[in-house]
Amino acid sequence: MSDTPENTAAEHVNAADEKPAAPAKIKAASKPTAAPKKPAAKKVAAKAVTAKPAAAKSAAAKPATKAKKSTIEVDGKTRYYEPAPEHIDVEEFRKVVMSRRSVRKFTKRPIPDAVVNDCIDMALLAPNSSGLQPWDFYLVRSNEKKKKLVKFCFSQLAAATAAELIVVVARTDRIADFAARMLREWPQDNIPTIVKRYYKLIPIHYASGPLNSFAFAKKAAFAVGGLLYPVPRGPFTESELKLWAAKSTALACENLMLAFRAHGFDTCAMEGFDDKRVSDMLKLKDGEFPIMVIGAGERAPDGVFHPQVRFDRKLFVHEV
Ligand SMILES: Cc1cc2nc3c(=O)[nH]c(=O)nc-3n(C[C@H](O)[C@H](O)[C@H](O)COP(=O)(O)O)c2cc1C
């Protein structure tokens, strides 16, 4: 759905003010995060927002609890207020990022369940398109399935020695379901009209139709409009939707790998696997795509095979 509807609804909308916020106002609203220490007593009304009880447990419940923050008055309007935490140690973060390597050989030490679950929970907090969370994580724990999965990963050492093997699946098959779920689980009592409209529009916008027929019709219609003004060019076709889901799911994979690193464990992302066999083993249906297998465990002393290679940043960073 590219930029347009997401910007107007999910990002810019505020529960207290159903119109999309003008850029200047967004800036004003974000000001308190820059200086949250002593919000002016008159301006900040630290009211608790009444959050709906979360309908689902664990990861789904977490975002809902976030809404029990406060509100702030900005330009005479009541806004949701979630200040950024202070005192995050960037050097500790850098240590996590810089020490993450693709580890191809792990020791036999198991990863405690609490660590695995914590890492999965952090993966589930990754940013995701339209908030639709198009992912699944399969912790492959049965010995029989694990053996098969190692084979399906072409017996790579990173898979064969991993304490945990996690198949990460991108999904395009429950977009409409999750759009409806979003409205049921919206974390504030009053769902802004624009949010309601947005999530009701999603199933239409994302439907590719038989043999991509809807997709091509939408593409043609938008292409005509696109001659005059910016329009969303996708994702409409099945392959565009697959890419759409894979983008968000890959971000979750990175969260997962950094989380393991922060807990002192290591990972190797693998796309070297027979995805048909993996799909069959997990009984995945149409619209469910295994995009990565992540092996995790304790780094063996010889688990990193060579120093990290990164080309000159000039090749990649462009100022325009
Ligand atoms: C999507 C993806 C797929 C990958 N597939 C494999 C793989 O099948 N086997 C493997 O040993 N490493 C795999 N890797 C790891 C990369 O080879 C590795 O990230 C890259 O060489 C950079 O090294 P670093 O992760 O240590 O910085 C994959 C990484 C990504 C992001």
# chains A, B, ... in the order shown; residues from 1 in each chain; ligands from 1
>>> residues_around(residues="range 120-135 of chain A", least_positions_apart="4", cutoff="6 Å", atoms="only C-alpha atoms", output="PyMOL selection string")
chain A and resi 169-171+178+245+248-249+252+255-256
>>> write_last_selection(atoms="C-alpha atoms", output="compact mmCIF listing (two decimals), in the first residue's frame")
# COMPACT_ATOMS: atom_id res chain seq x y z
CA VAL A 169 7.54 -17.30 7.47
CA ALA A 170 6.15 -14.28 5.64
CA ARG A 171 2.40 -14.34 5.13
CA PHE A 178 -5.55 -8.93 10.52
CA ALA A 245 5.35 -9.40 3.58
CA SER A 248 8.46 -6.58 7.35
CA THR A 249 9.36 -10.17 8.16
CA ALA A 252 11.62 -9.05 12.48
CA ASN A 255 15.34 -7.86 15.66
CA LEU A 256 15.51 -11.55 16.50
>>> residues_near_ligand(ligand="ligand 1", cutoff="9 Å", atoms="only C-alpha atoms and all ligand atoms", output="short mmCIF file (atom, residue, chain, number, x, y, z; two decimals) with C-alpha atoms, in the first residue's frame")
data_model
loop_
_atom_site.label_atom_id
_atom_site.label_comp_id
_atom_site.auth_asym_id
_atom_site.auth_seq_id
_atom_site.Cartn_x
_atom_site.Cartn_y
_atom_site.Cartn_z
CA MET A 98 29.03 -4.82 15.78
CA SER A 99 29.45 -8.17 17.47
CA ARG A 100 26.62 -9.77 15.51
CA ARG A 101 28.24 -12.06 13.03
CA SER A 102 26.92 -14.92 11.01
CA VAL A 103 28.03 -17.85 13.11
CA ARG A 104 28.37 -21.14 11.28
CA CYS A 153 19.20 -26.54 4.73
CA PHE A 154 21.62 -28.65 2.68
CA GLN A 156 24.90 -26.47 6.46
CA LEU A 157 27.01 -26.50 9.62
CA ALA A 158 25.13 -23.46 10.90
CA ALA A 159 21.94 -25.53 10.85
CA ALA A 250 13.04 -9.54 7.42
CA CYS A 253 14.49 -11.42 11.64
CA GLU A 254 17.01 -8.67 12.33
CA THR A 267 22.73 -16.64 14.94
CA CYS A 268 23.05 -17.39 11.29
CA ALA A 269 20.34 -16.34 8.88
CA MET A 270 19.94 -18.86 6.10
CA GLU A 271 18.10 -18.70 2.85
CA GLY A 272 20.04 -21.66 1.56
CA PHE A 273 17.25 -24.18 2.03
CA ILE A 291 11.89 -16.61 3.94
CA MET A 292 14.67 -17.46 6.37
CA VAL A 293 15.78 -20.22 8.66
CA ILE A 294 17.62 -18.77 11.62
CA VAL A 304 33.06 -17.17 12.81
CA PHE A 305 34.91 -18.13 9.70
CA HIS A 306 36.54 -14.86 8.66
CA PRO A 307 36.62 -11.15 9.51
CA GLN A 308 33.56 -9.16 8.54
CA VAL A 309 33.61 -7.73 5.02
CA ARG A 310 31.94 -4.41 4.25
#
>>> residues_around(residues="Ala163 in chain A", least_positions_apart="5", cutoff="9 Å", atoms="only C-alpha atoms", output="ChimeraX atom specification")
/A:106-111,295-298
>>> atom_distance(atom1="CA of Val90 in chain A", atom2="CA of Arg261 in chain A")
15.2 Å
>>> select_by_dssp(residues="range 39-276 of chain A", states="alpha helix (DSSP H)", output="CSV table (one decimal) with N, CA and C atoms, in the first residue's frame")
chain,number,residue,atom,x,y,z
A,58,SER,N,0.1,-12.6,25.4
A,58,SER,CA,1.5,-12.5,25.0
A,58,SER,C,1.8,-11.3,24.1
A,59,ALA,N,2.4,-11.6,22.9
A,59,ALA,CA,2.9,-10.5,22.1
A,59,ALA,C,1.8,-9.6,21.6
A,60,ALA,N,0.6,-10.1,21.3
A,60,ALA,CA,-0.5,-9.3,20.9
A,60,ALA,C,-1.0,-8.4,22.0
A,61,ALA,N,-0.8,-8.8,23.2
A,61,ALA,CA,-1.3,-8.0,24.4
A,61,ALA,C,-0.3,-6.9,24.7
A,62,LYS,N,0.9,-7.1,24.3
A,62,LYS,CA,1.9,-6.0,24.7
A,62,LYS,C,1.6,-4.7,24.1
A,63,PRO,N,1.4,-4.6,22.8
A,63,PRO,CA,1.2,-3.2,22.3
A,63,PRO,C,0.0,-2.5,23.0
A,64,ALA,N,-1.0,-3.3,23.3
A,64,ALA,CA,-2.2,-2.7,23.9
A,64,ALA,C,-1.8,-2.1,25.3
A,65,THR,N,-1.0,-2.7,26.0
A,65,THR,CA,-0.6,-2.2,27.3
A,65,THR,C,0.2,-0.9,27.2
A,66,LYS,N,0.8,-0.8,26.0
A,66,LYS,CA,1.5,0.5,25.8
A,66,LYS,C,0.6,1.7,25.8
A,90,VAL,N,24.3,4.1,23.8
A,90,VAL,CA,24.5,3.8,22.4
A,90,VAL,C,25.7,2.9,22.2
A,91,GLU,N,26.6,2.9,23.2
A,91,GLU,CA,27.8,2.1,23.0
A,91,GLU,C,27.5,0.6,23.2
A,92,GLU,N,26.5,0.4,24.2
A,92,GLU,CA,26.1,-1.0,24.4
A,92,GLU,C,25.3,-1.5,23.1
A,93,PHE,N,24.5,-0.6,22.5
A,93,PHE,CA,23.8,-1.0,21.3
A,93,PHE,C,24.8,-1.2,20.2
A,94,ARG,N,25.8,-0.4,20.1
A,94,ARG,CA,26.8,-0.6,19.1
A,94,ARG,C,27.5,-1.9,19.2
A,95,LYS,N,27.8,-2.3,20.5
A,95,LYS,CA,28.4,-3.5,20.8
A,95,LYS,C,27.6,-4.7,20.3
A,96,VAL,N,26.3,-4.6,20.5
A,96,VAL,CA,25.4,-5.7,20.0
A,96,VAL,C,25.5,-5.7,18.5
A,97,VAL,N,25.3,-4.6,17.8
A,97,VAL,CA,25.3,-4.5,16.4
A,97,VAL,C,26.6,-5.0,15.8
A,98,MET,N,27.7,-4.5,16.4
A,98,MET,CA,29.0,-4.8,15.8
A,98,MET,C,29.5,-6.2,16.1
A,99,SER,N,29.0,-6.8,17.2
A,99,SER,CA,29.5,-8.2,17.5
A,99,SER,C,28.5,-9.2,16.8
A,113,ASP,N,14.9,-21.4,27.5
A,113,ASP,CA,13.6,-21.0,26.9
A,113,ASP,C,13.3,-19.6,27.1
A,114,ALA,N,13.6,-19.1,28.3
A,114,ALA,CA,13.3,-17.7,28.6
A,114,ALA,C,14.0,-16.7,27.6
A,115,VAL,N,15.2,-17.1,27.3
A,115,VAL,CA,15.9,-16.2,26.3
A,115,VAL,C,15.3,-16.3,24.9
A,116,VAL,N,15.0,-17.6,24.5
A,116,VAL,CA,14.4,-17.7,23.2
A,116,VAL,C,13.1,-16.9,23.2
A,117,ASN,N,12.3,-17.1,24.2
A,117,ASN,CA,11.0,-16.3,24.2
A,117,ASN,C,11.1,-14.8,24.2
A,118,ASP,N,12.1,-14.4,24.9
A,118,ASP,CA,12.4,-12.9,25.0
A,118,ASP,C,12.8,-12.4,23.6
A,119,CYS,N,13.6,-13.2,22.9
A,119,CYS,CA,14.1,-12.8,21.6
A,119,CYS,C,12.9,-12.8,20.6
A,120,ILE,N,12.1,-13.8,20.7
A,120,ILE,CA,10.9,-13.8,19.8
A,120,ILE,C,10.0,-12.6,20.1
A,121,ASP,N,9.8,-12.3,21.4
A,121,ASP,CA,9.0,-11.2,21.7
A,121,ASP,C,9.6,-9.9,21.1
A,122,MET,N,10.9,-9.8,21.1
A,122,MET,CA,11.5,-8.6,20.6
A,122,MET,C,11.4,-8.6,19.0
A,123,ALA,N,11.4,-9.8,18.5
A,123,ALA,CA,11.2,-9.8,17.0
A,123,ALA,C,9.8,-9.4,16.7
A,143,ASN,N,12.9,-33.6,17.4
A,143,ASN,CA,14.1,-34.1,16.9
A,143,ASN,C,14.0,-34.5,15.4
A,144,GLU,N,12.9,-35.2,15.2
A,144,GLU,CA,12.6,-35.7,13.8
A,144,GLU,C,12.6,-34.5,12.8
A,145,LYS,N,11.8,-33.5,13.2
A,145,LYS,CA,11.7,-32.3,12.2
A,145,LYS,C,13.0,-31.6,12.1
A,146,LYS,N,13.7,-31.5,13.3
A,146,LYS,CA,15.0,-30.8,13.2
A,146,LYS,C,16.0,-31.4,12.3
A,147,LYS,N,16.0,-32.8,12.4
A,147,LYS,CA,16.9,-33.5,11.5
A,147,LYS,C,16.5,-33.2,10.0
A,148,LYS,N,15.2,-33.3,9.8
A,148,LYS,CA,14.8,-33.0,8.4
A,148,LYS,C,15.2,-31.6,7.9
A,149,LEU,N,15.0,-30.7,8.9
A,149,LEU,CA,15.2,-29.3,8.5
A,149,LEU,C,16.7,-29.0,8.2
A,150,VAL,N,17.6,-29.7,9.0
A,150,VAL,CA,19.0,-29.6,8.7
A,150,VAL,C,19.3,-30.1,7.3
A,151,LYS,N,18.7,-31.2,6.9
A,151,LYS,CA,18.8,-31.7,5.6
A,151,LYS,C,18.3,-30.7,4.5
A,152,PHE,N,17.2,-30.1,4.8
A,152,PHE,CA,16.6,-29.2,3.9
A,152,PHE,C,17.4,-27.9,3.8
A,157,LEU,N,26.5,-26.4,8.2
A,157,LEU,CA,27.0,-26.5,9.6
A,157,LEU,C,26.2,-25.6,10.6
A,158,ALA,N,25.9,-24.4,10.1
A,158,ALA,CA,25.1,-23.5,10.9
A,158,ALA,C,23.8,-24.0,11.3
A,159,ALA,N,23.2,-24.9,10.5
A,159,ALA,CA,21.9,-25.5,10.9
A,159,ALA,C,22.2,-26.8,11.7
A,160,ALA,N,23.2,-27.5,11.3
A,160,ALA,CA,23.5,-28.8,12.0
A,160,ALA,C,23.9,-28.6,13.4
A,175,ILE,N,-4.2,-10.9,5.5
A,175,ILE,CA,-4.2,-9.5,5.5
A,175,ILE,C,-5.6,-9.0,5.9
A,176,ALA,N,-6.6,-9.5,5.3
A,176,ALA,CA,-8.0,-9.1,5.6
A,176,ALA,C,-8.3,-9.4,7.0
A,177,ASP,N,-7.9,-10.6,7.5
A,177,ASP,CA,-8.2,-11.1,8.9
A,177,ASP,C,-7.5,-10.1,9.8
A,178,PHE,N,-6.3,-9.8,9.6
A,178,PHE,CA,-5.6,-8.9,10.5
A,178,PHE,C,-6.0,-7.5,10.5
A,179,ALA,N,-6.5,-7.1,9.3
A,179,ALA,CA,-7.1,-5.7,9.2
A,179,ALA,C,-8.3,-5.6,10.2
A,180,ALA,N,-9.1,-6.7,10.1
A,180,ALA,CA,-10.3,-6.7,11.0
A,180,ALA,C,-9.9,-6.8,12.5
A,181,ARG,N,-8.8,-7.7,12.7
A,181,ARG,CA,-8.3,-7.8,14.1
A,181,ARG,C,-7.8,-6.5,14.6
A,182,MET,N,-7.2,-5.7,13.8
A,182,MET,CA,-6.6,-4.4,14.2
A,182,MET,C,-7.8,-3.6,14.7
A,183,LEU,N,-8.9,-3.6,14.1
A,183,LEU,CA,-10.0,-2.8,14.5
A,183,LEU,C,-10.6,-3.4,15.8
A,184,ARG,N,-10.6,-4.7,16.0
A,184,ARG,CA,-11.1,-5.3,17.2
A,184,ARG,C,-10.1,-5.0,18.4
A,185,GLU,N,-8.8,-4.9,18.1
A,185,GLU,CA,-7.8,-4.8,19.2
A,185,GLU,C,-7.2,-3.4,19.2
A,193,THR,N,-12.0,7.7,12.9
A,193,THR,CA,-12.7,7.3,11.7
A,193,THR,C,-11.7,6.9,10.6
A,194,ILE,N,-10.7,7.7,10.5
A,194,ILE,CA,-9.7,7.4,9.4
A,194,ILE,C,-9.0,6.1,9.5
A,195,VAL,N,-8.8,5.7,10.8
A,195,VAL,CA,-8.2,4.3,11.0
A,195,VAL,C,-9.2,3.3,10.6
A,196,LYS,N,-10.5,3.5,11.0
A,196,LYS,CA,-11.5,2.5,10.6
A,196,LYS,C,-11.6,2.4,9.1
A,197,ARG,N,-11.6,3.5,8.4
A,197,ARG,CA,-11.7,3.5,7.0
A,197,ARG,C,-10.5,2.8,6.4
A,198,TYR,N,-9.4,3.1,6.9
A,198,TYR,CA,-8.1,2.5,6.4
A,198,TYR,C,-8.1,1.0,6.5
A,199,TYR,N,-8.5,0.5,7.6
A,199,TYR,CA,-8.4,-1.0,7.8
A,199,TYR,C,-9.6,-1.7,7.1
A,200,LYS,N,-10.6,-0.9,6.8
A,200,LYS,CA,-11.7,-1.5,6.0
A,200,LYS,C,-11.3,-1.5,4.5
A,201,LEU,N,-10.5,-0.6,4.1
A,201,LEU,CA,-10.0,-0.5,2.7
A,201,LEU,C,-8.9,-1.5,2.4
A,202,ILE,N,-8.2,-1.9,3.4
A,202,ILE,CA,-7.1,-2.8,3.2
A,202,ILE,C,-7.4,-4.0,2.4
A,203,PRO,N,-8.4,-4.8,2.8
A,203,PRO,CA,-8.7,-6.0,2.1
A,203,PRO,C,-8.9,-5.8,0.6
A,204,ILE,N,-9.5,-4.6,0.2
A,204,ILE,CA,-9.7,-4.3,-1.2
A,204,ILE,C,-8.4,-3.9,-1.8
A,205,HIS,N,-7.7,-3.1,-1.1
A,205,HIS,CA,-6.4,-2.6,-1.7
A,205,HIS,C,-5.5,-3.7,-2.0
A,206,TYR,N,-5.4,-4.7,-1.1
A,206,TYR,CA,-4.4,-5.7,-1.2
A,206,TYR,C,-4.9,-7.0,-1.9
A,213,SER,N,-6.0,-10.7,-11.4
A,213,SER,CA,-6.9,-9.9,-12.3
A,213,SER,C,-7.2,-8.5,-11.6
A,214,PHE,N,-7.5,-8.6,-10.3
A,214,PHE,CA,-7.7,-7.3,-9.6
A,214,PHE,C,-6.5,-6.4,-9.6
A,215,ALA,N,-5.4,-7.1,-9.4
A,215,ALA,CA,-4.1,-6.4,-9.3
A,215,ALA,C,-3.8,-5.6,-10.5
A,216,PHE,N,-4.0,-6.3,-11.7
A,216,PHE,CA,-3.7,-5.6,-12.9
A,216,PHE,C,-4.7,-4.4,-13.2
A,217,ALA,N,-5.9,-4.7,-12.8
A,217,ALA,CA,-6.9,-3.6,-13.0
A,217,ALA,C,-6.5,-2.4,-12.1
A,218,LYS,N,-6.1,-2.7,-10.9
A,218,LYS,CA,-5.7,-1.6,-10.0
A,218,LYS,C,-4.5,-0.9,-10.5
A,219,LYS,N,-3.5,-1.7,-11.0
A,219,LYS,CA,-2.3,-1.1,-11.6
A,219,LYS,C,-2.6,-0.2,-12.7
A,220,ALA,N,-3.5,-0.6,-13.6
A,220,ALA,CA,-3.9,0.2,-14.8
A,220,ALA,C,-4.5,1.5,-14.3
A,221,ALA,N,-5.5,1.4,-13.3
A,221,ALA,CA,-6.2,2.6,-12.9
A,221,ALA,C,-5.2,3.5,-12.2
A,222,PHE,N,-4.3,3.0,-11.4
A,222,PHE,CA,-3.4,3.9,-10.7
A,222,PHE,C,-2.4,4.5,-11.7
A,223,ALA,N,-2.0,3.7,-12.7
A,223,ALA,CA,-1.1,4.2,-13.7
A,223,ALA,C,-1.6,5.5,-14.4
A,224,VAL,N,-2.9,5.4,-14.7
A,224,VAL,CA,-3.6,6.6,-15.3
A,224,VAL,C,-3.5,7.8,-14.4
A,225,GLY,N,-3.9,7.6,-13.2
A,225,GLY,CA,-3.9,8.7,-12.2
A,225,GLY,C,-2.4,9.1,-12.0
A,226,GLY,N,-1.5,8.2,-12.1
A,226,GLY,CA,-0.1,8.5,-11.8
A,226,GLY,C,0.5,9.4,-12.8
A,238,GLU,N,0.5,-10.8,-6.7
A,238,GLU,CA,0.9,-11.8,-5.6
A,238,GLU,C,2.4,-11.7,-5.3
A,239,SER,N,3.2,-11.5,-6.4
A,239,SER,CA,4.6,-11.4,-6.1
A,239,SER,C,4.9,-10.1,-5.4
A,240,GLU,N,4.2,-9.0,-5.7
A,240,GLU,CA,4.4,-7.7,-4.9
A,240,GLU,C,4.0,-7.9,-3.5
A,241,LEU,N,2.9,-8.7,-3.3
A,241,LEU,CA,2.5,-8.9,-1.9
A,241,LEU,C,3.5,-9.7,-1.1
A,242,LYS,N,4.1,-10.7,-1.8
A,242,LYS,CA,5.1,-11.5,-1.2
A,242,LYS,C,6.3,-10.7,-0.7
A,243,LEU,N,6.7,-9.8,-1.6
A,243,LEU,CA,7.8,-8.8,-1.3
A,243,LEU,C,7.3,-8.0,-0.1
A,244,TRP,N,6.1,-7.5,-0.1
A,244,TRP,CA,5.6,-6.7,0.9
A,244,TRP,C,5.7,-7.4,2.3
A,245,ALA,N,5.3,-8.6,2.3
A,245,ALA,CA,5.3,-9.4,3.6
A,245,ALA,C,6.8,-9.7,4.0
A,246,ALA,N,7.6,-10.0,3.0
A,246,ALA,CA,9.0,-10.3,3.2
A,246,ALA,C,9.8,-9.1,3.9
A,247,LYS,N,9.4,-7.9,3.4
A,247,LYS,CA,10.1,-6.7,4.0
A,247,LYS,C,10.0,-6.7,5.5
A,248,SER,N,8.7,-6.7,5.9
A,248,SER,CA,8.5,-6.6,7.4
A,248,SER,C,9.0,-7.8,8.1
A,249,THR,N,8.9,-9.0,7.5
A,249,THR,CA,9.4,-10.2,8.2
A,249,THR,C,10.9,-10.2,8.3
A,250,ALA,N,11.6,-9.6,7.3
A,250,ALA,CA,13.0,-9.5,7.4
A,250,ALA,C,13.4,-8.6,8.6
A,251,LEU,N,12.7,-7.5,8.8
A,251,LEU,CA,13.0,-6.6,9.9
A,251,LEU,C,12.8,-7.4,11.2
A,252,ALA,N,11.8,-8.2,11.3
A,252,ALA,CA,11.6,-9.0,12.5
A,252,ALA,C,12.8,-10.0,12.7
A,253,CYS,N,13.3,-10.5,11.6
A,253,CYS,CA,14.5,-11.4,11.6
A,253,CYS,C,15.7,-10.7,12.2
A,254,GLU,N,15.9,-9.4,11.8
A,254,GLU,CA,17.0,-8.7,12.3
A,254,GLU,C,16.8,-8.4,13.8
A,255,ASN,N,15.6,-8.0,14.2
A,255,ASN,CA,15.3,-7.9,15.7
A,255,ASN,C,15.7,-9.1,16.4
A,256,LEU,N,15.3,-10.2,15.8
A,256,LEU,CA,15.5,-11.5,16.5
A,256,LEU,C,17.0,-11.8,16.7
A,257,MET,N,17.8,-11.5,15.6
A,257,MET,CA,19.2,-11.8,15.7
A,257,MET,C,19.9,-10.9,16.6
A,258,LEU,N,19.5,-9.6,16.6
A,258,LEU,CA,20.2,-8.7,17.6
A,258,LEU,C,19.8,-9.0,19.0
A,259,ALA,N,18.6,-9.5,19.2
A,259,ALA,CA,18.1,-9.9,20.5
A,259,ALA,C,19.0,-11.1,21.1
A,260,PHE,N,19.2,-12.1,20.2
A,260,PHE,CA,20.0,-13.2,20.6
A,260,PHE,C,21.4,-12.7,21.0
A,261,ARG,N,21.9,-11.8,20.2
A,261,ARG,CA,23.3,-11.3,20.4
A,261,ARG,C,23.3,-10.6,21.8
A,262,ALA,N,22.3,-9.8,22.0
A,262,ALA,CA,22.2,-9.0,23.3
A,262,ALA,C,22.2,-10.0,24.5
A,275,ASP,N,12.9,-24.5,0.0
A,275,ASP,CA,11.7,-23.9,0.6
A,275,ASP,C,10.4,-24.8,0.4
A,276,LYS,N,10.4,-25.6,-0.7
A,276,LYS,CA,9.3,-26.4,-0.9
A,276,LYS,C,9.2,-27.5,0.2
>>> select_by_dssp(residues="range 175-316 of chain A", states="strand (DSSP E or B)", output="mmCIF file with C-alpha atoms, in the first residue's frame")
data_model
loop_
_atom_site.group_PDB
_atom_site.id
_atom_site.type_symbol
_atom_site.label_atom_id
_atom_site.label_comp_id
_atom_site.auth_asym_id
_atom_site.auth_seq_id
_atom_site.Cartn_x
_atom_site.Cartn_y
_atom_site.Cartn_z
ATOM 1 C CA ASP A 266 24.564 -15.917 18.135
ATOM 2 C CA THR A 267 22.733 -16.640 14.942
ATOM 3 C CA CYS A 268 23.052 -17.391 11.286
ATOM 4 C CA ALA A 269 20.340 -16.335 8.876
ATOM 5 C CA MET A 270 19.943 -18.864 6.104
ATOM 6 C CA GLU A 288 2.799 -18.602 3.578
ATOM 7 C CA PHE A 289 6.435 -18.297 2.514
ATOM 8 C CA PRO A 290 9.426 -19.432 4.559
ATOM 9 C CA ILE A 291 11.895 -16.609 3.938
ATOM 10 C CA MET A 292 14.674 -17.457 6.373
ATOM 11 C CA VAL A 293 15.784 -20.216 8.662
ATOM 12 C CA ILE A 294 17.619 -18.775 11.621
ATOM 13 C CA GLY A 295 20.057 -20.988 13.445
ATOM 14 C CA ALA A 296 20.870 -19.828 16.962
ATOM 15 C CA GLY A 297 23.156 -20.976 19.723
ATOM 16 C CA ARG A 299 29.215 -19.251 19.262
#
>>> atom_distance(atom1="CA of Met281 in chain A", atom2="CA of Ala207 in chain A")
27.6 Å
>>> atom_distance(atom1="CA of Asp286 in chain A", atom2="CA of Thr172 in chain A")
8.5 Å
>>> closest_residue(among="A:Gly76, A:Pro235, A:Pro230, A:Pro187", to="Ser208 in chain A", atoms="only C-alpha atoms")
A:Pro235
>>> closest_residue(among="A:Asp136, A:Phe265, A:Leu315, A:Pro301", to="Leu284 in chain A", atoms="only C-alpha atoms")
A:Asp136
